[in-house]
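Engineer: Shown below is the structure under consideration.
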Amino acid sequence: MIRKTFKTISASEKLKSFIQKYNIPADYLFPNRRMVSKGVFIGLFIAFIPMPMQMLAVVAVIPFTRFNVPIALSMCWLSNPFTMPPMYYMEYLTGSFLLGMETTPVELTLEWFSDNIGNIFIPLYVGTAFYSVFGSILGYYLVNLLWRNSVRKDQEERKNGNGKYESKKKEEL
């Protein structure tokens, strides 16, 4: 379903005129499996990193690899002001567990963070590395799997004559 939506959007005349007007390389907007899965990978990887301006980090990756930029930008919004506290707390707990360190009770105040940044910095970023790597790899393979299953399903529908392609042909007759 998402694959079909991408095809519809990419065929849009508004999108084509926008690309032409601003001279955007169309490669960064391709809605194919490879580009979308890379966009999910990069977006999720950056989303788990506690840093400001995550969208600029996505843009900074553009010269090094080709990926679907809008998908990557939208994926980095996984961490937003509502999800950041639980995400970063989960990363801190995971990092502490992986390092075998004791956790300190967390208070959500700037004063507490400034007093305890030395104690939580290393466990937080160890947990961040864990979730960034494994979360982005999981997202990458999940998108590939779902995309391939969608293609297989469409091919089976065409082959069996049960799909929308055959019903359109019947309507035309």
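Just remember, in the structure tokens the first chain shown is A, the second B, etc., residues are 1-based per chain, and ligands are 1-based in the order shown.
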What's the 12 Å shell around range 116-118 of chain A, counting only C-alpha atoms, without same-chain residues fewer than 3 positions away, as a PyMOL selection string?
Structural biologist: chain A and resi 92+103-113+121-125
Engineer: Take the selection from the previous step and output its residues with C-alpha atoms, as a PDB file, in the first residue's frame.
Structural biologist:
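The resulting out.pdb:
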```
ATOM      1  CA  TYR A  92      20.487   5.361  29.744  1.00  0.00           C
ATOM      2  CA  THR A 103      21.718   3.590  37.701  1.00  0.00           C
ATOM      3  CA  THR A 104      21.030   6.775  39.592  1.00  0.00           C
ATOM      4  CA  PRO A 105      17.462   7.965  40.067  1.00  0.00           C
ATOM      5  CA  VAL A 106      16.637  10.473  37.330  1.00  0.00           C
ATOM      6  CA  GLU A 107      14.838  13.768  37.821  1.00  0.00           C
ATOM      7  CA  LEU A 108      13.637  15.654  34.780  1.00  0.00           C
ATOM      8  CA  THR A 109      15.157  19.018  35.691  1.00  0.00           C
ATOM      9  CA  LEU A 110      17.974  20.948  34.078  1.00  0.00           C
ATOM     10  CA  GLU A 111      19.645  21.305  37.460  1.00  0.00           C
ATOM     11  CA  TRP A 112      19.771  17.530  37.939  1.00  0.00           C
ATOM     12  CA  PHE A 113      21.197  16.996  34.445  1.00  0.00           C
ATOM     13  CA  PHE A 121      27.041  10.570  29.760  1.00  0.00           C
ATOM     14  CA  ILE A 122      28.858   7.294  29.009  1.00  0.00           C
ATOM     15  CA  PRO A 123      25.935   4.945  29.818  1.00  0.00           C
ATOM     16  CA  LEU A 124      23.579   7.179  27.818  1.00  0.00           C
ATOM     17  CA  TYR A 125      25.738   7.086  24.703  1.00  0.00           C
TER      18      TYR A 125
END
```
Engineer: Could you write out, as a ChimeraX atom specification, all the residues of range 7-109 of chain A that DSSP marks as helix (DSSP H, G or I)?
Structural biologist: /A:7-10,13-22,26-29,33-47,54-64,69-78,84-99
Engineer: Quick one: residues within 7 Å of Leu29 in chain A, only C-alpha atoms, excluding same-chain residues fewer than 2 positions away - as a ChimeraX atom specification?
Structural biologist: /A:26-27,31,68-69
Engineer: Quote the spacing between CA of Thr94 in chain A and CA of Ile42 in chain A in Å to one decimal place.
Structural biologist: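 Straight-line distance from CA of Thr94 in chain A to CA of Ile42 in chain A works out to 21.5 Å.
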Engineer: For Cys76 in chain A, which residue among A:Gly135, A:Gly127, A:Gly43, A:Pro25 is the nearest when counting only C-alpha atoms?
Structural biologist: A:Gly43
